>>> print(open('input08.txt').read())   # compact mmCIF, C-alpha atoms
# COMPACT_ATOMS: atom_id res chain seq x y z
CA MET A 3 14.37 4.83 -16.42
CA ALA A 4 14.11 5.86 -12.79
CA ASP A 5 17.27 7.23 -11.18
CA LEU A 6 17.78 4.78 -8.30
CA ASP A 7 20.52 6.82 -6.63
CA ALA A 8 18.31 9.93 -6.63
CA LEU A 9 15.38 7.96 -5.21
CA LEU A 10 17.55 6.51 -2.45
CA ARG A 11 18.76 9.99 -1.53
CA ASP A 12 15.17 11.22 -1.45
CA PHE A 13 14.16 8.29 0.75
CA ALA A 14 16.98 9.07 3.16
CA ASP A 15 15.89 12.71 3.26
CA ASP A 16 12.24 11.75 3.91
CA CYS A 17 13.27 9.52 6.80
CA ALA A 18 15.63 12.13 8.23
CA GLU A 19 12.86 14.73 8.13
CA LEU A 20 10.52 12.41 10.02
CA GLU A 21 13.25 11.53 12.51
CA ARG A 22 13.68 15.21 13.31
CA ILE A 23 10.04 15.20 14.39
CA VAL A 24 10.08 12.07 16.54
CA ALA A 25 13.59 12.10 18.00
CA PRO A 26 12.89 14.86 20.58
CA LEU A 27 9.65 13.26 21.79
CA THR A 28 9.30 11.95 25.32
CA PRO A 29 8.37 8.30 25.97
CA ALA A 30 4.87 9.50 26.80
CA ASP A 31 4.68 11.27 23.43
CA TRP A 32 5.55 8.04 21.65
CA SER A 33 2.43 6.53 23.22
CA ALA A 34 0.17 9.27 21.85
CA PRO A 35 -2.64 7.98 19.61
CA THR A 36 -2.58 8.76 15.89
CA PRO A 37 -5.52 8.95 13.45
CA ALA A 38 -4.96 5.26 12.60
CA PRO A 39 -7.24 3.44 15.08
CA GLY A 40 -5.25 1.59 17.74
CA TRP A 41 -1.90 2.90 16.52
CA SER A 42 0.33 5.18 18.56
CA ILE A 43 3.34 7.09 17.25
CA ALA A 44 5.42 4.09 18.32
CA HIS A 45 3.24 1.80 16.21
CA GLN A 46 3.77 4.05 13.18
CA ILE A 47 7.56 4.03 13.53
CA GLY A 48 7.48 0.33 14.38
CA HIS A 49 5.60 -0.38 11.17
CA LEU A 50 8.04 1.62 9.06
CA THR A 51 10.95 -0.12 10.78
CA TRP A 52 9.58 -3.62 10.25
CA THR A 53 8.68 -2.99 6.61
CA ASP A 54 12.12 -1.55 5.86
CA GLU A 55 13.65 -4.67 7.41
CA VAL A 56 11.41 -6.98 5.39
CA ALA A 57 12.27 -5.07 2.21
CA THR A 58 15.96 -5.57 3.01
CA LEU A 59 15.28 -9.30 3.44
CA ALA A 60 13.61 -9.39 0.02
CA ALA A 61 16.64 -7.67 -1.51
CA THR A 62 19.28 -9.83 0.16
CA ASP A 63 17.66 -13.20 0.91
CA PRO A 64 14.75 -14.10 -1.40
CA ASP A 65 14.46 -17.57 0.15
CA GLY A 66 14.25 -16.05 3.62
CA PHE A 67 11.57 -13.66 2.40
CA ALA A 68 9.60 -16.53 0.85
CA LYS A 69 9.74 -18.36 4.18
CA LEU A 70 8.44 -15.29 6.00
CA VAL A 71 5.51 -15.03 3.58
CA GLU A 72 4.75 -18.73 3.97
CA GLU A 73 4.80 -18.53 7.76
CA ALA A 74 2.57 -15.46 7.70
CA GLY A 75 0.04 -17.14 5.42
CA PRO A 76 -2.58 -18.02 8.07
CA ARG A 77 -2.25 -14.50 9.49
CA ALA A 78 -2.27 -12.66 6.20
CA PHE A 79 -4.63 -9.97 7.45
CA THR A 80 -3.10 -9.51 10.90
CA PHE A 81 0.65 -10.10 10.80
CA VAL A 82 1.51 -6.55 9.70
CA ASP A 83 -0.38 -5.12 12.67
CA GLU A 84 1.20 -7.75 14.91
CA ALA A 85 4.66 -6.67 13.79
CA ALA A 86 3.87 -3.01 14.54
CA GLU A 87 2.49 -3.99 17.94
CA ALA A 88 5.62 -5.96 18.80
CA ALA A 89 7.95 -3.18 17.67
CA ALA A 90 5.99 -0.57 19.64
CA THR A 91 6.72 -2.35 22.92
CA ALA A 92 10.42 -1.42 22.73
CA PRO A 93 11.74 1.67 24.52
CA ALA A 94 11.54 4.72 22.27
CA ALA A 95 15.31 5.17 22.00
CA GLU A 96 15.75 1.52 21.06
CA LEU A 97 13.04 1.66 18.40
CA LEU A 98 14.44 4.89 16.98
CA ASP A 99 17.90 3.32 16.68
CA ARG A 100 16.44 0.18 15.09
CA TRP A 101 14.58 2.28 12.52
CA ARG A 102 17.69 4.33 11.76
CA ARG A 103 19.88 1.25 11.27
CA GLY A 104 17.21 -0.60 9.30
CA ARG A 105 16.68 2.08 6.70
CA ALA A 106 20.45 2.49 6.24
CA GLU A 107 20.70 -1.24 5.60
CA LEU A 108 17.82 -1.06 3.12
CA ILE A 109 19.46 1.76 1.16
CA LYS A 110 22.68 -0.25 1.01
CA ALA A 111 20.85 -3.42 -0.04
CA LEU A 112 18.83 -1.76 -2.80
CA HIS A 113 21.90 -0.02 -4.15
CA ALA A 114 23.61 -3.41 -4.49
CA VAL A 115 20.79 -5.14 -6.42
CA PRO A 116 22.01 -6.03 -9.95
CA SER A 117 20.59 -3.92 -12.75
CA GLY A 118 17.37 -5.36 -14.13
CA ALA A 119 16.74 -7.64 -11.16
CA LYS A 120 13.33 -7.82 -9.49
CA LEU A 121 12.68 -8.28 -5.80
CA PRO A 122 9.99 -10.57 -4.42
CA TRP A 123 7.23 -8.83 -2.52
CA PHE A 124 3.75 -9.45 -1.15
CA GLY A 125 2.32 -8.51 -4.54
CA PRO A 126 4.10 -8.58 -7.91
CA PRO A 127 7.93 -8.52 -7.91
CA MET A 128 9.39 -5.03 -7.75
CA SER A 129 12.44 -3.30 -9.13
CA PRO A 130 14.71 -1.57 -6.59
CA ALA A 131 13.40 1.78 -7.84
CA SER A 132 9.80 0.68 -7.31
CA MET A 133 10.66 -0.68 -3.88
CA VAL A 134 12.25 2.54 -2.64
CA SER A 135 9.39 4.53 -4.20
CA ALA A 136 6.94 2.44 -2.20
CA ARG A 137 8.97 3.03 0.95
CA MET A 138 8.80 6.78 0.28
CA MET A 139 5.04 6.58 -0.10
CA GLU A 140 4.69 4.73 3.19
CA THR A 141 7.07 7.09 4.98
CA PHE A 142 5.00 10.03 3.77
CA ALA A 143 1.71 8.40 4.80
CA HIS A 144 2.73 7.23 8.26
CA GLY A 145 4.67 10.43 8.80
CA GLN A 146 1.44 12.30 8.15
CA ASP A 147 -0.30 10.28 10.85
CA ILE A 148 2.47 11.27 13.27
CA ALA A 149 2.29 14.93 12.25
CA ASP A 150 -1.48 14.88 12.74
CA ALA A 151 -1.11 13.31 16.18
CA LEU A 152 1.26 16.11 17.18
CA GLY A 153 -0.72 18.91 15.52
CA LEU A 154 2.15 19.69 13.13
CA THR A 155 2.06 20.94 9.55
CA ARG A 156 4.84 19.58 7.37
CA THR A 157 6.34 21.61 4.53
CA PRO A 158 5.82 19.79 1.20
CA THR A 159 8.85 19.19 -1.02
CA ALA A 160 9.55 18.06 -4.57
CA ARG A 161 9.93 14.54 -3.18
CA LEU A 162 6.14 14.31 -3.27
CA ARG A 163 6.39 13.67 -7.00
CA THR A 164 7.28 10.03 -6.27
CA VAL A 165 4.19 9.61 -4.08
CA ALA A 166 2.01 11.29 -6.70
CA HIS A 167 3.44 9.04 -9.41
CA ILE A 168 2.51 5.95 -7.43
CA GLY A 169 -0.96 7.41 -6.91
CA VAL A 170 -1.43 7.78 -10.65
CA ARG A 171 0.03 4.37 -11.47
CA THR A 172 -2.26 2.60 -8.98
CA ARG A 173 -5.48 3.95 -10.48
CA ASN A 174 -6.50 0.59 -11.92
CA PHE A 175 -5.64 -1.22 -8.69
CA ALA A 176 -8.04 1.01 -6.76
CA TYR A 177 -10.84 -0.22 -8.99
CA THR A 178 -9.93 -3.90 -9.10
CA VAL A 179 -9.41 -4.23 -5.33
CA ARG A 180 -13.01 -3.06 -4.95
CA GLY A 181 -14.38 -5.31 -7.69
CA LYS A 182 -15.17 -2.34 -9.92
CA THR A 183 -14.75 -2.09 -13.68
CA VAL A 184 -11.55 -0.28 -14.61
CA PRO A 185 -12.07 2.69 -16.95
CA THR A 186 -10.68 1.97 -20.40
CA GLU A 187 -9.48 5.49 -21.13
CA GLU A 188 -6.48 7.25 -19.62
CA PHE A 189 -6.98 10.12 -17.21
CA ARG A 190 -5.16 13.43 -17.26
CA VAL A 191 -3.68 14.40 -13.91
CA GLU A 192 -2.17 17.87 -13.49
CA LEU A 193 -0.79 18.78 -10.09
CA THR A 194 0.71 22.00 -8.80
CA ALA A 195 4.07 21.18 -7.22
CA PRO A 196 5.37 22.89 -4.08
CA ASP A 197 7.46 25.23 -6.26
CA ASP A 198 4.36 26.09 -8.39
CA SER A 199 5.56 24.09 -11.38
CA VAL A 200 3.16 21.54 -12.88
CA TRP A 201 3.50 17.76 -12.74
CA SER A 202 1.38 15.94 -15.29
CA TRP A 203 0.42 12.45 -16.39
CA GLY A 204 -1.82 11.25 -19.22
CA PRO A 205 -2.95 12.83 -22.51
CA GLU A 206 -3.72 16.55 -22.46
CA ASP A 207 -7.03 16.02 -24.28
CA ALA A 208 -8.32 13.29 -21.94
CA ALA A 209 -12.02 13.57 -21.13
CA GLN A 210 -11.39 12.58 -17.51
CA GLN A 211 -9.18 14.99 -15.57
CA VAL A 212 -7.93 15.64 -12.05
CA THR A 213 -6.23 18.90 -11.11
CA GLY A 214 -5.09 20.53 -7.88
CA PRO A 215 -2.23 20.76 -5.39
CA ALA A 216 0.26 17.87 -5.41
CA LEU A 217 0.13 17.67 -1.61
CA ASP A 218 -3.63 17.23 -1.66
CA PHE A 219 -3.38 14.47 -4.25
CA CYS A 220 -0.76 12.65 -2.17
CA LEU A 221 -2.95 12.95 0.93
CA LEU A 222 -5.84 11.56 -1.12
CA VAL A 223 -4.11 8.50 -2.58
CA THR A 224 -2.59 7.57 0.78
CA GLN A 225 -6.05 8.02 2.34
CA ARG A 226 -4.80 10.53 4.91
CA ARG A 227 -7.51 13.04 4.00
CA HIS A 228 -11.09 12.70 2.80
CA HIS A 229 -11.59 13.84 -0.78
CA ALA A 230 -14.21 16.37 0.32
CA ASP A 231 -11.59 18.23 2.35
CA LEU A 232 -9.11 18.63 -0.50
CA ALA A 233 -8.71 21.26 -3.21
CA LEU A 234 -8.83 18.74 -6.04
CA GLU A 235 -11.06 19.33 -9.04
CA THR A 236 -12.29 16.83 -11.60
CA VAL A 237 -13.74 16.75 -15.07
CA GLY A 238 -15.76 13.65 -15.90
CA ALA A 239 -17.74 11.18 -13.82
CA ASP A 240 -15.00 8.53 -13.81
CA ALA A 241 -12.41 10.98 -12.50
CA ALA A 242 -14.83 12.07 -9.77
CA GLU A 243 -15.41 8.46 -8.76
CA TRP A 244 -11.67 7.80 -8.64
CA LEU A 245 -11.25 10.44 -5.94
CA THR A 246 -13.57 8.41 -3.72
CA ILE A 247 -11.60 5.16 -4.06
CA ALA A 248 -7.98 6.16 -4.80
CA GLN A 249 -5.46 3.95 -3.01
CA ALA A 250 -1.70 4.01 -3.52
CA PHE A 251 -0.93 1.26 -1.02
CA ALA A 252 -1.23 -2.48 -1.53
CA GLY A 253 -3.60 -4.69 0.41
CA PRO A 254 -7.25 -4.38 1.36
CA THR A 255 -9.15 -1.13 0.99
CA GLY A 256 -8.68 1.21 3.91
CA ALA A 257 -11.28 3.09 5.92
CA GLY A 258 -9.41 6.32 5.27
CA ARG A 259 -10.33 9.51 7.10
CA SER A 260 -13.70 11.14 7.63
CA ALA A 261 -14.84 14.37 5.98
CA GLY A 262 -14.12 17.27 8.30
CA GLN A 263 -11.87 15.19 10.56
CA PHE A 264 -9.05 17.74 10.22
CA THR A 265 -9.32 21.49 10.16
>>> encode(input="input08.txt", output="structure tokens")
Amino acid sequence: MADLDALLRDFADDCAELERIVAPLTPADWSAPTPAPGWSIAHQIGHLTWTDEVATLAATDPDGFAKLVEEAGPRAFTFVDEAAEAAATAPAAELLDRWRRGRAELIKALHAVPSGAKLPWFGPPMSPASMVSARMMETFAHGQDIADALGLTRTPTARLRTVAHIGVRTRNFAYTVRGKTVPTEEFRVELTAPDDSVWSWGPEDAAQQVTGPALDFCLLVTQRRHHADLALETVGADAAEWLTIAQAFAGPTGAGRSAGQFT
């Protein structure tokens, strides 16, 4: 069973690390474009802020969350971008404070969810541990967009294991969202952690295998780097195909990044 308290601490640390990057920025910096087309740094933080707030709503007011989903129905493919756009119009200091308060409220709300309870979400219901894991994945992904916009290299930590785990668990989703046949056999995934230990999933004797740095795998499954630019190796045709479609986030398939886009 996942350790919710440990995950919540990791989430808080991820957010604090990203805040240390954006807090000193000037208002002009917040308007800088990121690799996500049409999204500035303010859009990225606005998106994280809004999603944290919606997750808190799901944890504290399921009826209110259901109403939000119903109202968003006709704008299912645009309302997330609309929320980021609206949040990005606020002054940087105001948005930063809103993000800070929102994630603190989310941590408090998830900690208070009764054991065994599930939270409504845009896809299947989620446990508090799954919810905070998803928030960590998104914080990593959008934080990478911000780091890329600023030309920064972030130091990977053991917290990447949560992102990698989601990447492995969403293998089948990556196929189904594209209308592809899901492989019937399990894959073996072996990743080298930041401390040079090995994180692994799947049977050791699997015919389909993916190996390489954990950071590269996390960049792959969040579609922040093209698979051709990563030091990931595969055994088996199915594993090789997976690298071209991997997607840890819910929703439609993303355009991802182009080969050679980043040096």
>>> residues_near_point(input="input08.txt", point="(-1.2, 13.9, -5.4)", cutoff="8 Å", atoms="all atoms listed in the file", output="list in words")
Leu162, Arg163, Val165, Ala166, His167, Gly169, Leu193, Pro215, Ala216, Leu217, Asp218, Phe219, Cys220, Leu221, Leu222 and Val223 of chain A
>>> atom_distance(input="input08.txt", atom1="atom CA of Asp197 of chain A", atom2="atom CA of Thr213 of chain A")
15.8 Å
>>> residues_around(input="input08.txt", residues="Gln225 of chain A", least_positions_apart="2", cutoff="10 Å", atoms="only C-alpha atoms", output="ChimeraX atom specification")
/A:143,219-223,227-229,246-251,255-260
>>> atom_distance(input="input08.txt", atom1="atom CA of Arg180 of chain A", atom2="atom CA of Asp54 of chain A")
27.4 Å
>>> closest_residue(input="input08.txt", among="A:Ala18, A:Ala151, A:Ala241, A:Thr51", to="Ala38 of chain A", atoms="only C-alpha atoms")
A:Ala151
>>> residues_around(input="input08.txt", residues="Ala114 of chain A", least_positions_apart="4", cutoff="12 Å", atoms="only C-alpha atoms", output="compact mmCIF listing (two decimals) with C-alpha atoms, in the coordinates of the input")
# COMPACT_ATOMS: atom_id res chain seq x y z
CA LEU A 6 17.78 4.78 -8.30
CA ASP A 7 20.52 6.82 -6.63
CA LEU A 10 17.55 6.51 -2.45
CA THR A 58 15.96 -5.57 3.01
CA ALA A 61 16.64 -7.67 -1.51
CA THR A 62 19.28 -9.83 0.16
CA GLU A 107 20.70 -1.24 5.60
CA LEU A 108 17.82 -1.06 3.12
CA ILE A 109 19.46 1.76 1.16
CA LYS A 110 22.68 -0.25 1.01
CA GLY A 118 17.37 -5.36 -14.13
CA ALA A 119 16.74 -7.64 -11.16
CA PRO A 130 14.71 -1.57 -6.59
CA ALA A 131 13.40 1.78 -7.84
>>> closest_residue(input="input08.txt", among="A:Arg190, A:Trp244, A:Thr53, A:Pro254", to="Asn174 of chain A", atoms="all atoms listed in the file")
A:Trp244
>>> atom_distance(input="input08.txt", atom1="atom CA of Val212 of chain A", atom2="atom CA of Ser199 of chain A")
15.9 Å
>>> residues_near_point(input="input08.txt", point="(9.2, -3.4, 1.8)", cutoff="12 Å", atoms="all atoms listed in the file", output="PyMOL selection string")
chain A and resi 49-61+67+82+104-105+108-109+111-112+121-125+127-141+251-252
>>> decode(input="input08.txt", residues="segment 203-217 of chain A", atoms="all heavy atoms", output="PDB file, in the first residue's frame")
ATOM      1  N   TRP A 203      10.178  -2.876 -12.732  1.00  0.00           N
ATOM      2  CA  TRP A 203       8.794  -3.312 -12.812  1.00  0.00           C
ATOM      3  C   TRP A 203       8.724  -4.466 -13.814  1.00  0.00           C
ATOM      4  O   TRP A 203       9.454  -4.486 -14.798  1.00  0.00           O
ATOM      5  CB  TRP A 203       7.882  -2.196 -13.311  1.00  0.00           C
ATOM      6  CG  TRP A 203       7.777  -1.003 -12.430  1.00  0.00           C
ATOM      7  CD1 TRP A 203       6.785  -0.719 -11.537  1.00  0.00           C
ATOM      8  CD2 TRP A 203       8.689   0.110 -12.350  1.00  0.00           C
ATOM      9  NE1 TRP A 203       7.031   0.480 -10.906  1.00  0.00           N
ATOM     10  CE2 TRP A 203       8.173   1.016 -11.381  1.00  0.00           C
ATOM     11  CE3 TRP A 203       9.883   0.433 -13.010  1.00  0.00           C
ATOM     12  CZ2 TRP A 203       8.822   2.207 -11.059  1.00  0.00           C
ATOM     13  CZ3 TRP A 203      10.535   1.617 -12.698  1.00  0.00           C
ATOM     14  CH2 TRP A 203      10.004   2.489 -11.732  1.00  0.00           C
ATOM     15  N   GLY A 204       7.824  -5.418 -13.564  1.00  0.00           N
ATOM     16  CA  GLY A 204       7.612  -6.501 -14.517  1.00  0.00           C
ATOM     17  C   GLY A 204       8.563  -7.661 -14.322  1.00  0.00           C
ATOM     18  O   GLY A 204       9.580  -7.556 -13.622  1.00  0.00           O
ATOM     19  N   PRO A 205       8.250  -8.809 -14.950  1.00  0.00           N
ATOM     20  CA  PRO A 205       9.066 -10.021 -14.779  1.00  0.00           C
ATOM     21  C   PRO A 205      10.456  -9.870 -15.392  1.00  0.00           C
ATOM     22  O   PRO A 205      10.618  -9.276 -16.456  1.00  0.00           O
ATOM     23  CB  PRO A 205       8.247 -11.101 -15.518  1.00  0.00           C
ATOM     24  CG  PRO A 205       7.372 -10.344 -16.468  1.00  0.00           C
ATOM     25  CD  PRO A 205       7.071  -9.036 -15.814  1.00  0.00           C
ATOM     26  N   GLU A 206      11.445 -10.422 -14.710  1.00  0.00           N
ATOM     27  CA  GLU A 206      12.830 -10.314 -15.166  1.00  0.00           C
ATOM     28  C   GLU A 206      13.039 -10.976 -16.520  1.00  0.00           C
ATOM     29  O   GLU A 206      13.906 -10.554 -17.293  1.00  0.00           O
ATOM     30  CB  GLU A 206      13.777 -10.938 -14.135  1.00  0.00           C
ATOM     31  CG  GLU A 206      13.852 -10.175 -12.816  1.00  0.00           C
ATOM     32  CD  GLU A 206      14.877 -10.778 -11.872  1.00  0.00           C
ATOM     33  OE1 GLU A 206      15.687 -11.621 -12.336  1.00  0.00           O
ATOM     34  OE2 GLU A 206      14.884 -10.404 -10.689  1.00  0.00           O
ATOM     35  N   ASP A 207      12.258 -12.028 -16.807  1.00  0.00           N
ATOM     36  CA  ASP A 207      12.469 -12.770 -18.057  1.00  0.00           C
ATOM     37  C   ASP A 207      11.542 -12.310 -19.178  1.00  0.00           C
ATOM     38  O   ASP A 207      11.363 -13.018 -20.180  1.00  0.00           O
ATOM     39  CB  ASP A 207      12.279 -14.269 -17.815  1.00  0.00           C
ATOM     40  CG  ASP A 207      10.874 -14.607 -17.314  1.00  0.00           C
ATOM     41  OD1 ASP A 207      10.103 -13.667 -16.977  1.00  0.00           O
ATOM     42  OD2 ASP A 207      10.542 -15.807 -17.253  1.00  0.00           O
ATOM     43  N   ALA A 208      10.936 -11.136 -19.039  1.00  0.00           N
ATOM     44  CA  ALA A 208      10.027 -10.644 -20.073  1.00  0.00           C
ATOM     45  C   ALA A 208      10.755 -10.477 -21.401  1.00  0.00           C
ATOM     46  O   ALA A 208      11.906 -10.033 -21.440  1.00  0.00           O
ATOM     47  CB  ALA A 208       9.415  -9.313 -19.642  1.00  0.00           C
ATOM     48  N   ALA A 209      10.069 -10.796 -22.488  1.00  0.00           N
ATOM     49  CA  ALA A 209      10.675 -10.665 -23.815  1.00  0.00           C
ATOM     50  C   ALA A 209      10.778  -9.207 -24.250  1.00  0.00           C
ATOM     51  O   ALA A 209      11.628  -8.851 -25.061  1.00  0.00           O
ATOM     52  CB  ALA A 209       9.865 -11.467 -24.834  1.00  0.00           C
ATOM     53  N   GLN A 210       9.888  -8.367 -23.716  1.00  0.00           N
ATOM     54  CA  GLN A 210       9.875  -6.943 -24.056  1.00  0.00           C
ATOM     55  C   GLN A 210      10.463  -6.161 -22.886  1.00  0.00           C
ATOM     56  O   GLN A 210       9.971  -6.263 -21.762  1.00  0.00           O
ATOM     57  CB  GLN A 210       8.436  -6.476 -24.322  1.00  0.00           C
ATOM     58  CG  GLN A 210       7.678  -7.311 -25.343  1.00  0.00           C
ATOM     59  CD  GLN A 210       8.247  -7.167 -26.746  1.00  0.00           C
ATOM     60  OE1 GLN A 210       8.699  -6.087 -27.144  1.00  0.00           O
ATOM     61  NE2 GLN A 210       8.214  -8.259 -27.505  1.00  0.00           N
ATOM     62  N   GLN A 211      11.508  -5.373 -23.147  1.00  0.00           N
ATOM     63  CA  GLN A 211      12.211  -4.692 -22.072  1.00  0.00           C
ATOM     64  C   GLN A 211      12.550  -3.252 -22.432  1.00  0.00           C
ATOM     65  O   GLN A 211      12.813  -2.935 -23.595  1.00  0.00           O
ATOM     66  CB  GLN A 211      13.511  -5.439 -21.733  1.00  0.00           C
ATOM     67  CG  GLN A 211      13.295  -6.872 -21.279  1.00  0.00           C
ATOM     68  CD  GLN A 211      14.588  -7.549 -20.851  1.00  0.00           C
ATOM     69  OE1 GLN A 211      15.612  -6.889 -20.637  1.00  0.00           O
ATOM     70  NE2 GLN A 211      14.546  -8.860 -20.726  1.00  0.00           N
ATOM     71  N   VAL A 212      12.527  -2.402 -21.406  1.00  0.00           N
ATOM     72  CA  VAL A 212      12.973  -1.015 -21.530  1.00  0.00           C
ATOM     73  C   VAL A 212      13.965  -0.750 -20.406  1.00  0.00           C
ATOM     74  O   VAL A 212      13.678  -1.046 -19.246  1.00  0.00           O
ATOM     75  CB  VAL A 212      11.792  -0.018 -21.427  1.00  0.00           C
ATOM     76  CG1 VAL A 212      12.308   1.423 -21.452  1.00  0.00           C
ATOM     77  CG2 VAL A 212      10.786  -0.248 -22.540  1.00  0.00           C
ATOM     78  N   THR A 213      15.119  -0.208 -20.743  1.00  0.00           N
ATOM     79  CA  THR A 213      16.130   0.113 -19.746  1.00  0.00           C
ATOM     80  C   THR A 213      16.694   1.505 -20.017  1.00  0.00           C
ATOM     81  O   THR A 213      16.645   1.999 -21.146  1.00  0.00           O
ATOM     82  CB  THR A 213      17.290  -0.904 -19.757  1.00  0.00           C
ATOM     83  OG1 THR A 213      17.897  -0.922 -21.067  1.00  0.00           O
ATOM     84  CG2 THR A 213      16.786  -2.298 -19.418  1.00  0.00           C
ATOM     85  N   GLY A 214      17.238   2.128 -18.989  1.00  0.00           N
ATOM     86  CA  GLY A 214      17.866   3.434 -19.158  1.00  0.00           C
ATOM     87  C   GLY A 214      17.705   4.298 -17.930  1.00  0.00           C
ATOM     88  O   GLY A 214      17.212   3.848 -16.886  1.00  0.00           O
ATOM     89  N   PRO A 215      18.102   5.558 -18.022  1.00  0.00           N
ATOM     90  CA  PRO A 215      18.010   6.471 -16.874  1.00  0.00           C
ATOM     91  C   PRO A 215      16.556   6.763 -16.500  1.00  0.00           C
ATOM     92  O   PRO A 215      15.704   6.959 -17.378  1.00  0.00           O
ATOM     93  CB  PRO A 215      18.701   7.749 -17.370  1.00  0.00           C
ATOM     94  CG  PRO A 215      19.523   7.318 -18.548  1.00  0.00           C
ATOM     95  CD  PRO A 215      18.768   6.194 -19.172  1.00  0.00           C
ATOM     96  N   ALA A 216      16.277   6.818 -15.203  1.00  0.00           N
ATOM     97  CA  ALA A 216      14.918   7.114 -14.737  1.00  0.00           C
ATOM     98  C   ALA A 216      14.456   8.487 -15.219  1.00  0.00           C
ATOM     99  O   ALA A 216      13.292   8.655 -15.603  1.00  0.00           O
ATOM    100  CB  ALA A 216      14.859   7.041 -13.212  1.00  0.00           C
ATOM    101  N   LEU A 217      15.359   9.474 -15.210  1.00  0.00           N
ATOM    102  CA  LEU A 217      14.979  10.806 -15.673  1.00  0.00           C
ATOM    103  C   LEU A 217      14.523  10.757 -17.119  1.00  0.00           C
ATOM    104  O   LEU A 217      13.499  11.371 -17.474  1.00  0.00           O
ATOM    105  CB  LEU A 217      16.151  11.773 -15.521  1.00  0.00           C
ATOM    106  CG  LEU A 217      15.935  13.173 -16.098  1.00  0.00           C
ATOM    107  CD1 LEU A 217      14.750  13.871 -15.431  1.00  0.00           C
ATOM    108  CD2 LEU A 217      17.198  14.016 -15.967  1.00  0.00           C
TER     109      LEU A 217
END
